[in-house]
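Dumped data_2.pdb below, it's PDB, C-alpha atoms and all ligand atoms:
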```pdb
ATOM      1  CA  MET A   1     114.888 158.097  73.558
ATOM      2  CA  THR A   2     115.769 155.773  76.445
ATOM      3  CA  MET A   3     112.759 154.438  78.382
ATOM      4  CA  PRO A   4     112.649 154.955  82.179
ATOM      5  CA  PHE A   5     114.650 152.477  84.260
ATOM      6  CA  GLN A   6     116.812 151.635  81.250
ATOM      7  CA  GLN A   7     120.573 151.942  81.010
ATOM      8  CA  CYS A   8     121.457 155.213  79.235
ATOM      9  CA  TRP A   9     125.251 155.232  79.518
ATOM     10  CA  THR A  10     128.134 153.366  81.071
ATOM     11  CA  ARG A  11     131.652 154.429  81.991
ATOM     12  CA  LYS A  12     134.671 152.401  82.979
ATOM     13  CA  LEU A  13     135.994 154.530  85.838
ATOM     14  CA  SER A  14     139.254 154.189  87.769
ATOM     15  CA  HIS A  15     137.043 153.178  90.685
ATOM     16  CA  GLY A  16     134.847 150.613  89.049
ATOM     17  CA  PHE A  17     132.189 150.158  86.427
ATOM     18  CA  CYS A  18     129.554 152.882  86.357
ATOM     19  CA  VAL A  19     126.043 152.520  84.939
ATOM     20  CA  ALA A  20     123.486 155.328  84.589
ATOM     21  CA  VAL A  21     119.781 154.575  84.418
ATOM     22  CA  THR A  22     117.064 157.035  83.384
ATOM     23  CA  LEU A  23     114.278 157.754  85.860
ATOM     24  CA  PRO A  24     110.679 158.574  84.988
ATOM     25  CA  VAL A  25     109.988 162.289  85.439
ATOM     26  CA  GLY A  26     106.979 164.604  85.479
ATOM     27  CA  PHE A  27     103.359 163.825  86.251
ATOM     28  CA  GLY A  28     102.807 160.118  86.578
ATOM     29  CA  ALA A  29     106.484 159.352  87.271
ATOM     30  CA  ALA A  30     105.587 157.629  90.504
ATOM     31  CA  GLN A  31     102.955 155.496  88.756
ATOM     32  CA  TYR A  32     105.429 154.225  86.191
ATOM     33  CA  PRO A  33     105.525 150.382  86.287
ATOM     34  CA  LEU A  34     108.425 148.945  88.252
ATOM     35  CA  PRO A  35     111.109 147.308  86.101
ATOM     36  CA  GLY A  36     111.098 143.536  85.865
ATOM     37  CA  ASP A  37     114.614 142.951  87.171
ATOM     38  CA  LEU A  38     113.854 143.655  90.833
ATOM     39  CA  THR A  39     113.633 140.800  93.313
ATOM     40  CA  LYS A  40     110.342 140.161  95.177
ATOM     41  CA  GLU A  41     111.838 141.690  98.326
ATOM     42  CA  GLU A  42     112.932 144.782  96.431
ATOM     43  CA  VAL A  43     109.450 145.169  94.926
ATOM     44  CA  ALA A  44     107.899 144.913  98.409
ATOM     45  CA  THR A  45     110.363 147.488  99.807
ATOM     46  CA  ALA A  46     109.755 149.817  96.859
ATOM     47  CA  LEU A  47     105.969 149.626  97.157
ATOM     48  CA  ALA A  48     106.175 150.577 100.836
ATOM     49  CA  MET A  49     108.045 153.797  99.961
ATOM     50  CA  ALA A  50     106.668 157.247  99.215
ATOM     51  CA  PRO A  51     106.186 157.460  95.426
ATOM     52  CA  LEU A  52     109.023 159.845  94.539
ATOM     53  CA  ARG A  53     111.507 158.122  96.825
ATOM     54  CA  ARG A  54     110.504 154.814  95.232
ATOM     55  CA  VAL A  55     111.562 156.033  91.777
ATOM     56  CA  SER A  56     115.111 156.975  92.807
ATOM     57  CA  TRP A  57     115.567 153.947  95.063
ATOM     58  CA  VAL A  58     114.508 151.578  92.281
ATOM     59  CA  GLY A  59     116.687 153.375  89.710
ATOM     60  CA  GLY A  60     119.717 153.010  91.976
ATOM     61  CA  ARG A  61     119.080 149.266  92.409
ATOM     62  CA  VAL A  62     118.667 148.755  88.656
ATOM     63  CA  ALA A  63     121.913 150.655  87.963
ATOM     64  CA  LEU A  64     123.879 148.791  90.634
ATOM     65  CA  ARG A  65     122.623 145.406  89.453
ATOM     66  CA  LEU A  66     123.681 146.220  85.882
ATOM     67  CA  ALA A  67     127.109 147.471  87.014
ATOM     68  CA  ALA A  68     127.667 144.348  89.118
ATOM     69  CA  ARG A  69     126.604 142.136  86.196
ATOM     70  CA  GLU A  70     129.376 143.693  84.146
ATOM     71  CA  LEU A  71     131.827 142.298  86.719
ATOM     72  CA  GLY A  72     130.229 138.839  86.645
ATOM     73  CA  PHE A  73     128.075 139.217  89.783
ATOM     74  CA  SER A  74     124.410 138.267  89.656
ATOM     75  CA  LEU A  75     122.951 140.138  92.609
ATOM     76  CA  ALA A  76     120.145 138.881  94.824
ATOM     77  CA  THR A  77     118.206 141.497  96.800
ATOM     78  CA  ILE A  78     120.224 144.691  97.276
ATOM     79  CA  GLY A  79     119.335 145.680 100.794
ATOM     80  CA  ALA A  80     120.716 148.578 102.771
ATOM     81  CA  THR A  81     123.211 148.672 105.616
ATOM     82  CA  THR A  82     122.171 150.253 108.909
ATOM     83  CA  ARG A  83     124.000 153.363 107.657
ATOM     84  CA  GLY A  84     121.949 153.507 104.443
ATOM     85  CA  ALA A  85     124.586 152.282 101.997
ATOM     86  CA  PRO A  86     123.690 149.461  99.572
ATOM     87  CA  SER A  87     124.551 146.094 101.096
ATOM     88  CA  LEU A  88     126.505 143.875  98.740
ATOM     89  CA  PRO A  89     127.939 140.361  98.812
ATOM     90  CA  ASP A  90     131.525 139.678  99.876
ATOM     91  CA  GLY A  91     133.955 140.459  97.119
ATOM     92  CA  LEU A  92     131.970 143.371  95.727
ATOM     93  CA  ILE A  93     131.817 147.045  96.685
ATOM     94  CA  GLY A  94     129.515 149.656  95.226
ATOM     95  CA  SER A  95     127.795 152.962  95.636
ATOM     96  CA  ILE A  96     124.648 154.723  94.389
ATOM     97  CA  SER A  97     123.651 158.314  93.649
ATOM     98  CA  HIS A  98     120.546 159.764  92.038
ATOM     99  CA  LYS A  99     119.151 163.033  90.844
ATOM    100  CA  SER A 100     115.626 163.719  89.537
ATOM    101  CA  CYS A 101     116.039 162.135  86.112
ATOM    102  CA  LEU A 102     119.041 159.843  86.528
ATOM    103  CA  ALA A 103     120.427 157.211  88.892
ATOM    104  CA  VAL A 104     124.039 156.057  88.774
ATOM    105  CA  ALA A 105     125.859 153.218  90.465
ATOM    106  CA  VAL A 106     129.463 152.090  90.594
ATOM    107  CA  ALA A 107     130.455 148.489  91.256
ATOM    108  CA  LYS A 108     133.981 147.226  91.834
ATOM    109  CA  ARG A 109     135.651 144.030  92.950
ATOM    110  CA  ALA A 110     136.697 144.520  96.570
ATOM    111  CA  GLN A 111     140.417 144.874  97.210
ATOM    112  CA  GLY A 112     140.338 146.000 100.833
ATOM    113  CA  ASP A 113     138.866 149.288  99.659
ATOM    114  CA  THR A 114     135.536 151.113  99.661
ATOM    115  CA  VAL A 115     133.994 153.382  97.062
ATOM    116  CA  GLY A 116     131.655 156.364  96.912
ATOM    117  CA  VAL A 117     129.934 157.913  93.915
ATOM    118  CA  ASP A 118     128.032 161.170  93.586
ATOM    119  CA  LEU A 119     126.063 162.832  90.839
ATOM    120  CA  GLU A 120     125.199 166.551  90.841
ATOM    121  CA  GLN A 121     123.411 168.589  88.203
ATOM    122  CA  LEU A 122     125.146 171.728  86.956
ATOM    123  CA  ALA A 123     121.902 173.418  85.946
ATOM    124  CA  ARG A 124     120.243 176.005  88.207
ATOM    125  CA  PRO A 125     123.237 177.560  90.010
ATOM    126  CA  ARG A 126     122.784 177.949  93.774
ATOM    127  CA  PRO A 127     126.078 179.558  94.794
ATOM    128  CA  ARG A 128     124.773 180.128  98.345
ATOM    129  CA  ILE A 129     125.476 176.466  99.159
ATOM    130  CA  ALA A 130     129.200 177.327  99.104
ATOM    131  CA  LYS A 131     128.936 178.699 102.639
ATOM    132  CA  LEU A 132     127.531 175.401 103.880
ATOM    133  CA  VAL A 133     129.778 172.948 102.078
ATOM    134  CA  LEU A 134     133.099 174.715 101.601
ATOM    135  CA  ARG A 135     135.733 175.751 104.091
ATOM    136  CA  SER A 136     136.873 179.369 104.097
ATOM    137  CA  ASP A 137     140.141 178.460 102.310
ATOM    138  CA  GLU A 138     138.126 176.665  99.603
ATOM    139  CA  ARG A 139     135.758 179.628  99.249
ATOM    140  CA  ALA A 140     138.771 181.897  98.738
ATOM    141  CA  CYS A 141     139.924 179.630  95.855
ATOM    142  CA  VAL A 142     136.444 179.758  94.303
ATOM    143  CA  ASP A 143     136.155 183.534  94.718
ATOM    144  CA  ALA A 144     139.482 183.994  92.927
ATOM    145  CA  LEU A 145     138.056 182.358  89.787
ATOM    146  CA  ASP A 146     136.356 184.055  86.879
ATOM    147  CA  PRO A 147     132.646 184.340  87.940
ATOM    148  CA  ALA A 148     131.548 182.144  85.015
ATOM    149  CA  SER A 149     133.586 179.222  86.397
ATOM    150  CA  GLN A 150     132.642 179.561  90.039
ATOM    151  CA  TRP A 151     129.445 177.507  90.105
ATOM    152  CA  LYS A 152     131.064 174.505  88.424
ATOM    153  CA  GLU A 153     133.921 174.698  90.942
ATOM    154  CA  ILE A 154     131.462 174.731  93.859
ATOM    155  CA  VAL A 155     129.594 171.720  92.447
ATOM    156  CA  LEU A 156     132.833 169.805  91.873
ATOM    157  CA  ARG A 157     133.977 170.316  95.436
ATOM    158  CA  PHE A 158     130.516 169.526  96.848
ATOM    159  CA  SER A 159     130.186 166.380  94.770
ATOM    160  CA  LEU A 160     133.664 165.105  95.642
ATOM    161  CA  LYS A 161     132.872 165.620  99.333
ATOM    162  CA  GLU A 162     129.657 163.606  99.095
ATOM    163  CA  ALA A 163     131.602 160.834  97.364
ATOM    164  CA  ILE A 164     134.249 160.995 100.126
ATOM    165  CA  PHE A 165     131.483 160.692 102.714
ATOM    166  CA  LYS A 166     130.139 157.522 101.094
ATOM    167  CA  ALA A 167     133.616 156.030 100.640
ATOM    168  CA  ILE A 168     134.789 156.541 104.226
ATOM    169  CA  ASP A 169     131.459 155.950 105.976
ATOM    170  CA  PRO A 170     132.007 152.179 106.374
ATOM    171  CA  HIS A 171     135.207 152.997 108.294
ATOM    172  CA  VAL A 172     134.085 155.955 110.392
ATOM    173  CA  GLN A 173     130.370 155.114 110.770
ATOM    174  CA  ARG A 174     129.397 158.646 111.745
ATOM    175  CA  TYR A 175     128.269 161.898 110.149
ATOM    176  CA  VAL A 176     131.310 163.649 108.697
ATOM    177  CA  GLY A 177     130.808 167.375 108.230
ATOM    178  CA  PHE A 178     131.629 169.154 104.977
ATOM    179  CA  LYS A 179     134.311 171.207 106.721
ATOM    180  CA  GLU A 180     136.198 168.058 107.763
ATOM    181  CA  ALA A 181     137.521 167.687 104.230
ATOM    182  CA  ARG A 182     139.190 170.034 101.833
ATOM    183  CA  VAL A 183     139.206 169.156  98.154
ATOM    184  CA  GLU A 184     140.857 170.700  95.167
ATOM    185  CA  PRO A 185     139.635 169.428  91.801
ATOM    186  CA  LYS A 186     142.284 169.392  89.077
ATOM    187  CA  GLU A 187     141.744 170.052  85.370
ATOM    188  CA  ASP A 188     142.765 166.477  84.508
ATOM    189  CA  GLY A 189     139.821 164.932  86.386
ATOM    190  CA  THR A 190     141.751 164.082  89.557
ATOM    191  CA  ALA A 191     141.520 165.880  92.887
ATOM    192  CA  GLU A 192     143.666 166.662  95.879
ATOM    193  CA  ILE A 193     141.990 165.692  99.128
ATOM    194  CA  TRP A 194     142.875 166.669 102.666
ATOM    195  CA  LEU A 195     141.008 165.182 105.624
ATOM    196  CA  GLU A 196     140.821 166.803 109.009
ATOM    197  CA  LEU A 197     138.576 164.331 110.791
ATOM    198  CA  LYS A 198     137.238 165.437 114.163
ATOM    199  CA  GLU A 199     137.450 161.921 115.574
ATOM    200  CA  LYS A 200     140.939 161.354 114.109
ATOM    201  CA  GLU A 201     139.959 158.172 112.255
ATOM    202  CA  GLY A 202     142.253 156.721 109.642
ATOM    203  CA  PRO A 203     144.565 157.611 108.071
ATOM    204  CA  PHE A 204     143.018 156.892 104.713
ATOM    205  CA  GLU A 205     144.498 156.579 101.287
ATOM    206  CA  LEU A 206     142.020 158.361  99.036
ATOM    207  CA  ASP A 207     141.715 158.651  95.302
ATOM    208  CA  GLY A 208     139.211 161.123  93.866
ATOM    209  CA  ARG A 209     138.095 161.533  90.262
ATOM    210  CA  TRP A 210     135.497 163.638  88.509
ATOM    211  CA  MET A 211     134.047 164.165  85.057
ATOM    212  CA  VAL A 212     131.153 166.022  83.481
ATOM    213  CA  VAL A 213     128.553 163.838  81.756
ATOM    214  CA  ASP A 214     125.313 165.133  80.233
ATOM    215  CA  GLY A 215     125.318 168.356  82.269
ATOM    216  CA  CYS A 216     126.080 166.556  85.525
ATOM    217  CA  VAL A 217     129.222 166.237  87.607
ATOM    218  CA  LEU A 218     130.021 162.590  88.310
ATOM    219  CA  SER A 219     132.515 162.102  91.160
ATOM    220  CA  SER A 220     133.950 158.954  92.594
ATOM    221  CA  VAL A 221     136.278 158.327  95.502
ATOM    222  CA  ARG A 222     138.049 155.140  96.497
ATOM    223  CA  ALA A 223     139.177 154.833 100.106
ATOM    224  CA  ARG A 224     141.499 152.481 101.896
ATOM    225  CA  CYS A 225     142.117 152.684 105.608
ATOM    226  CA  VAL A 226     145.900 152.461 105.837
ATOM    227  CA  ARG A 227     146.034 151.654 109.522
ATOM    228  CA  LYS A 228     143.919 152.375 112.555
ATOM    229  CA  THR A 229     145.081 155.459 114.407
ATOM    230  CA  VAL A 230     145.346 154.789 118.120
ATOM    231  CA  VAL A 231     144.819 158.059 119.872
ATOM    232  CA  ASN A 232     146.166 158.253 123.380
ATOM    233  CA  PRO A 233     143.532 160.269 125.257
ATOM    234  CA  SER A 234     146.116 161.543 127.744
ATOM    235  CA  HIS A 235     147.843 163.379 124.892
ATOM    236  CA  HIS A 236     146.243 166.581 123.755
ATOM    237  CA  THR A 237     146.943 166.616 120.088
ATOM    238  CA  GLN A 238     146.134 169.004 117.337
ATOM    239  CA  PRO A 239     143.794 167.476 114.786
ATOM    240  CA  HIS A 240     145.927 165.345 112.549
ATOM    241  CA  TYR A 241     146.080 166.731 109.068
ATOM    242  CA  THR A 242     146.540 164.266 106.289
ATOM    243  CA  LYS A 243     147.426 165.402 102.799
ATOM    244  CA  TYR A 244     146.853 163.209  99.792
ATOM    245  CA  ARG A 245     148.139 163.894  96.308
ATOM    246  CA  VAL A 246     145.536 162.146  94.268
ATOM    247  CA  GLY A 247     146.014 161.012  90.724
ATOM    248  CA  ARG A 248     148.883 159.344  88.982
ATOM    249  CA  ARG A 249     151.423 160.358  91.647
ATOM    250  CA  ARG A 250     149.842 159.414  94.945
ATOM    251  CA  PHE A 251     151.190 159.741  98.451
ATOM    252  CA  PHE A 252     149.984 160.606 101.883
ATOM    253  CA  SER A 253     151.496 161.999 105.018
ATOM    254  CA  LEU A 254     150.254 162.201 108.547
ATOM    255  CA  LYS A 255     151.168 164.850 111.078
ATOM    256  CA  THR A 256     150.025 164.553 114.643
ATOM    257  CA  LYS A 257     151.495 167.347 116.652
ATOM    258  CA  LYS A 258     151.469 167.343 120.420
ATOM    259  CA  LEU A 259     150.302 170.573 121.975
ATOM    260  CA  GLU A 260     152.653 172.043 124.541
TER     261      GLU A 260
HETATM  262  C1  LIG B 301     124.384 160.415 102.649
HETATM  263  C2  LIG B 301     124.568 161.505 101.590
HETATM  264  C3  LIG B 301     126.043 161.617 101.230
HETATM  265  C4  LIG B 301     123.750 161.102 100.343
HETATM  266  O1  LIG B 301     123.945 162.031  99.323
HETATM  267  P1  LIG B 301     122.703 162.719  98.554
HETATM  268  O2  LIG B 301     123.248 163.707  97.594
HETATM  269  O3  LIG B 301     121.697 163.183  99.560
HETATM  270  O4  LIG B 301     122.033 161.557  97.773
HETATM  271  P2  LIG B 301     122.621 160.655  96.618
HETATM  272  O5  LIG B 301     121.522 160.444  95.667
HETATM  273  O6  LIG B 301     123.907 161.180  96.082
HETATM  274  O7  LIG B 301     122.952 159.296  97.373
HETATM  275  C5  LIG B 301     121.932 158.539  97.950
HETATM  276  C6  LIG B 301     122.476 157.145  98.110
HETATM  277  O8  LIG B 301     123.607 157.181  98.952
HETATM  278  C7  LIG B 301     123.729 155.905  99.560
HETATM  279  N1  LIG B 301     123.988 156.135 100.968
HETATM  280  C8  LIG B 301     123.137 156.611 101.909
HETATM  281  N2  LIG B 301     123.761 156.659 103.099
HETATM  282  C9  LIG B 301     125.024 156.203 102.883
HETATM  283  C10 LIG B 301     126.132 156.003 103.735
HETATM  284  N3  LIG B 301     126.079 156.288 105.053
HETATM  285  N4  LIG B 301     127.279 155.522 103.198
HETATM  286  C11 LIG B 301     127.349 155.222 101.878
HETATM  287  N5  LIG B 301     126.305 155.381 101.020
HETATM  288  C12 LIG B 301     125.173 155.873 101.543
HETATM  289  C13 LIG B 301     122.428 155.154  99.341
HETATM  290  O9  LIG B 301     122.665 154.144  98.383
HETATM  291  C14 LIG B 301     121.518 156.221  98.793
HETATM  292  O10 LIG B 301     120.620 155.776  97.816
HETATM  293  P3  LIG B 301     119.460 154.715  98.167
HETATM  294  O11 LIG B 301     119.000 155.034  99.548
HETATM  295  O12 LIG B 301     118.435 154.927  97.108
HETATM  296  O13 LIG B 301     120.126 153.369  98.108
HETATM  297  C15 LIG B 301     124.049 162.882 102.077
HETATM  298  O14 LIG B 301     122.673 162.823 102.288
HETATM  299  C16 LIG B 301     124.676 163.405 103.332
HETATM  300  O15 LIG B 301     124.290 163.086 104.452
HETATM  301  N6  LIG B 301     125.676 164.286 103.170
HETATM  302  C17 LIG B 301     126.230 165.044 104.259
HETATM  303  C18 LIG B 301     127.555 164.525 104.692
HETATM  304  C19 LIG B 301     128.625 164.798 103.720
HETATM  305  O16 LIG B 301     128.476 164.618 102.531
HETATM  306  N7  LIG B 301     129.771 165.237 104.239
HETATM  307  C20 LIG B 301     130.943 165.454 103.458
HETATM  308  C21 LIG B 301     132.102 164.893 104.213
HETATM  309  S1  LIG B 301     133.609 165.110 103.373
END
```

Could I get this file's structure written as structure tokens?
Amino acid sequence: MTMPFQQCWTRKLSHGFCVAVTLPVGFGAAQYPLPGDLTKEEVATALAMAPLRRVSWVGGRVALRLAARELGFSLATIGATTRGAPSLPDGLIGSISHKSCLAVAVAKRAQGDTVGVDLEQLARPRPRIAKLVLRSDERACVDALDPASQWKEIVLRFSLKEAIFKAIDPHVQRYVGFKEARVEPKEDGTAEIWLELKEKEGPFELDGRWMVVDGCVLSSVRARCVRKTVVNPSHHTQPHYTKYRVGRRRFFSLKTKKLE
């Protein structure tokens, strides 16, 4: 059995190197000794946190440090940006996600892109979340599936959207609602992504991937802002609707239609 705060699996993803770290669970989890590979500043930050939050925060830092090490980076303190994302040195991008017993992190050499990762447990179906996180056209796709497959489909779409949020947040720097994106996971572990951003940021080139590991959905999204969209406020435009075919054959298109 893997001890808490130890690496339990790694994956070489299309969007970087991913490391998963086990978290202490159950009574006494919060009292579990902090791992030795935190910096003094990280220890001080962790000790100031509420006990349960401390566990996941520390697990995320341990996972990200291990993932970065795989790429040859020896990380000093991993702080947080004002938006809550992990702050990393130039040349490196990364993202963190955690659930009760596991923390994952992806690290990647920066190539003018950003990355988001998300982990969601498949256990304990809560299909009611579909209303909150899926658009009506997505819900229709889910409803058309065999009932036994519906929960996994909801989790996939939810997880990909959280990964999209983390990947585009450095560019948009605002809360992006779940209905501002439409995703369609494909059997081969890719996904089609459409963005309909209220503030018309972008356009973005997005690449989304997913897999199931140990009863969890692991999603990652890489984003690249193709060019800044200059919106002329005197033009009333329909929301621009950008379609991305994600996977081996990738393209994007942008339609901005002027209202008559
Ligand atoms: C921010 C958010 C995505 C985090 O997801 P979550 O499932 O609650 O938590 P996770 O464990 O997956 O991720 C938490 C980690 O995300 C990272 N994170 C937090 N805010 C972030 C941001 N603005 N940008 C990038 N990463 C962020 C942090 O590393 C955090 O862990 P840490 O604080 O321990 O370092 C989520 O809380 C949220 O606000 N979602 C609503 C918006 C959304 O997803 N819209 C979909 C648009 S398509």

Inset, instruction - Could you list the residues chosen by the PyMOL selection byres (((chain A and resi 108) around 8) and not hetatm) in this structure as a PyMOL selection string? - result: chain A and resi 15-17+68+71+92-94+106-107+109-110

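Every residue that the PyMOL selection byres (((chain A and resi 120) around 9) and not hetatm) selects in this file is listed here: Ser97, His98, Lys99, Asp118, Leu119, Gln121, Leu122, Val155, Leu156, Phe158, Ser159, Gly215, Cys216, Val217, Leu218 and Ser219 of chain A.
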
Inset, instruction - Determine the residue membership of the PyMOL selection byres (((chain A and resi 103) around 10) and not hetatm) for the file above and supply it as a PyMOL selection string. - result: chain A and resi 5+7-8+19-23+55-64+96-102+104-105+118-119

Would you save the residues from that selection as a PDB file, in the coordinates of the input, using C-alpha atoms?
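Okay, again39.pdb is ready:
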```
ATOM      1  CA  PHE A   5     114.650 152.477  84.260  1.00  0.00           C
ATOM      2  CA  GLN A   7     120.573 151.942  81.010  1.00  0.00           C
ATOM      3  CA  CYS A   8     121.457 155.213  79.235  1.00  0.00           C
ATOM      4  CA  VAL A  19     126.043 152.520  84.939  1.00  0.00           C
ATOM      5  CA  ALA A  20     123.486 155.328  84.589  1.00  0.00           C
ATOM      6  CA  VAL A  21     119.781 154.575  84.418  1.00  0.00           C
ATOM      7  CA  THR A  22     117.064 157.035  83.384  1.00  0.00           C
ATOM      8  CA  LEU A  23     114.278 157.754  85.860  1.00  0.00           C
ATOM      9  CA  VAL A  55     111.562 156.033  91.777  1.00  0.00           C
ATOM     10  CA  SER A  56     115.111 156.975  92.807  1.00  0.00           C
ATOM     11  CA  TRP A  57     115.567 153.947  95.063  1.00  0.00           C
ATOM     12  CA  VAL A  58     114.508 151.578  92.281  1.00  0.00           C
ATOM     13  CA  GLY A  59     116.687 153.375  89.710  1.00  0.00           C
ATOM     14  CA  GLY A  60     119.717 153.010  91.976  1.00  0.00           C
ATOM     15  CA  ARG A  61     119.080 149.266  92.409  1.00  0.00           C
ATOM     16  CA  VAL A  62     118.667 148.755  88.656  1.00  0.00           C
ATOM     17  CA  ALA A  63     121.913 150.655  87.963  1.00  0.00           C
ATOM     18  CA  LEU A  64     123.879 148.791  90.634  1.00  0.00           C
ATOM     19  CA  ILE A  96     124.648 154.723  94.389  1.00  0.00           C
ATOM     20  CA  SER A  97     123.651 158.314  93.649  1.00  0.00           C
ATOM     21  CA  HIS A  98     120.546 159.764  92.038  1.00  0.00           C
ATOM     22  CA  LYS A  99     119.151 163.033  90.844  1.00  0.00           C
ATOM     23  CA  SER A 100     115.626 163.719  89.537  1.00  0.00           C
ATOM     24  CA  CYS A 101     116.039 162.135  86.112  1.00  0.00           C
ATOM     25  CA  LEU A 102     119.041 159.843  86.528  1.00  0.00           C
ATOM     26  CA  VAL A 104     124.039 156.057  88.774  1.00  0.00           C
ATOM     27  CA  ALA A 105     125.859 153.218  90.465  1.00  0.00           C
ATOM     28  CA  ASP A 118     128.032 161.170  93.586  1.00  0.00           C
ATOM     29  CA  LEU A 119     126.063 162.832  90.839  1.00  0.00           C
TER      30      LEU A 119
END
```

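Residue nearest ligand LIG 301 (chain B), chosen from A:Thr81, A:Gln111, A:Thr190, A:Ser149 and counting all atoms listed in the file: A:Thr81.
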
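Nearest to Arg224 in chain A of all the residues A:Gly177, A:Met211, A:Gly112, A:Leu132 is A:Gly112, counting all atoms listed in the file.
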
Inset, instruction - Would you list the contacts of Leu13 in chain A as a ChimeraX atom specification, taking every protein, DNA or RNA residue within 9 Å and counting only C-alpha atoms, but skipping same-chain residues closer than 5 positions in sequence? - result: /A:18,106,209,220

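Across A:Ala167, A:Leu197, A:Ala181, A:Val172, the tightest approach to Ser136 in chain A is made by A:Ala181 when counting only C-alpha atoms.
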
Legend entry - Which of A:Gly72, A:Pro51, A:Pro35, A:Gly79 sits closest to ligand LIG 301 (chain B) [using all atoms listed in the file]: A:Gly79

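Across the structure, CA of Arg54 in chain A and CA of Gln6 in chain A are spaced 15.7 Å apart.
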
Step by step, gather every atom of ligand LIG 301 (chain B) that the file lists, find the box along x, y and z that holds them, add 8 Å on each side, and finally give centre and edge lengths in Å to one decimal, as lines of an AutoDock Vina configuration file.
```
center_x = 126.0
center_y = 159.4
center_z = 100.4
size_x = 31.2
size_y = 28.1
size_z = 25.4
```

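The closest residue to Ala29 in chain A, picked from A:Leu195, A:Val176, A:Ile129, A:Leu52 and counting only C-alpha atoms, is A:Leu52.
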
Inset, instruction - Would you mind reading off the distance between CA of Ser87 in chain A and atom C3 of ligand LIG 301 (chain B), one decimal, in Å? - result: 15.6 Å

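Of the residues listed (A:Val221, A:Ala130, A:Tyr175, A:Pro86), A:Val221 shows the shortest atom-to-atom separation from Lys161 in chain A; distances use all atoms listed in the file.
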
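Rounded to one decimal, atom C3 of ligand LIG 301 (chain B) and CA of Met3 in chain A lie 27.4 Å from each other.
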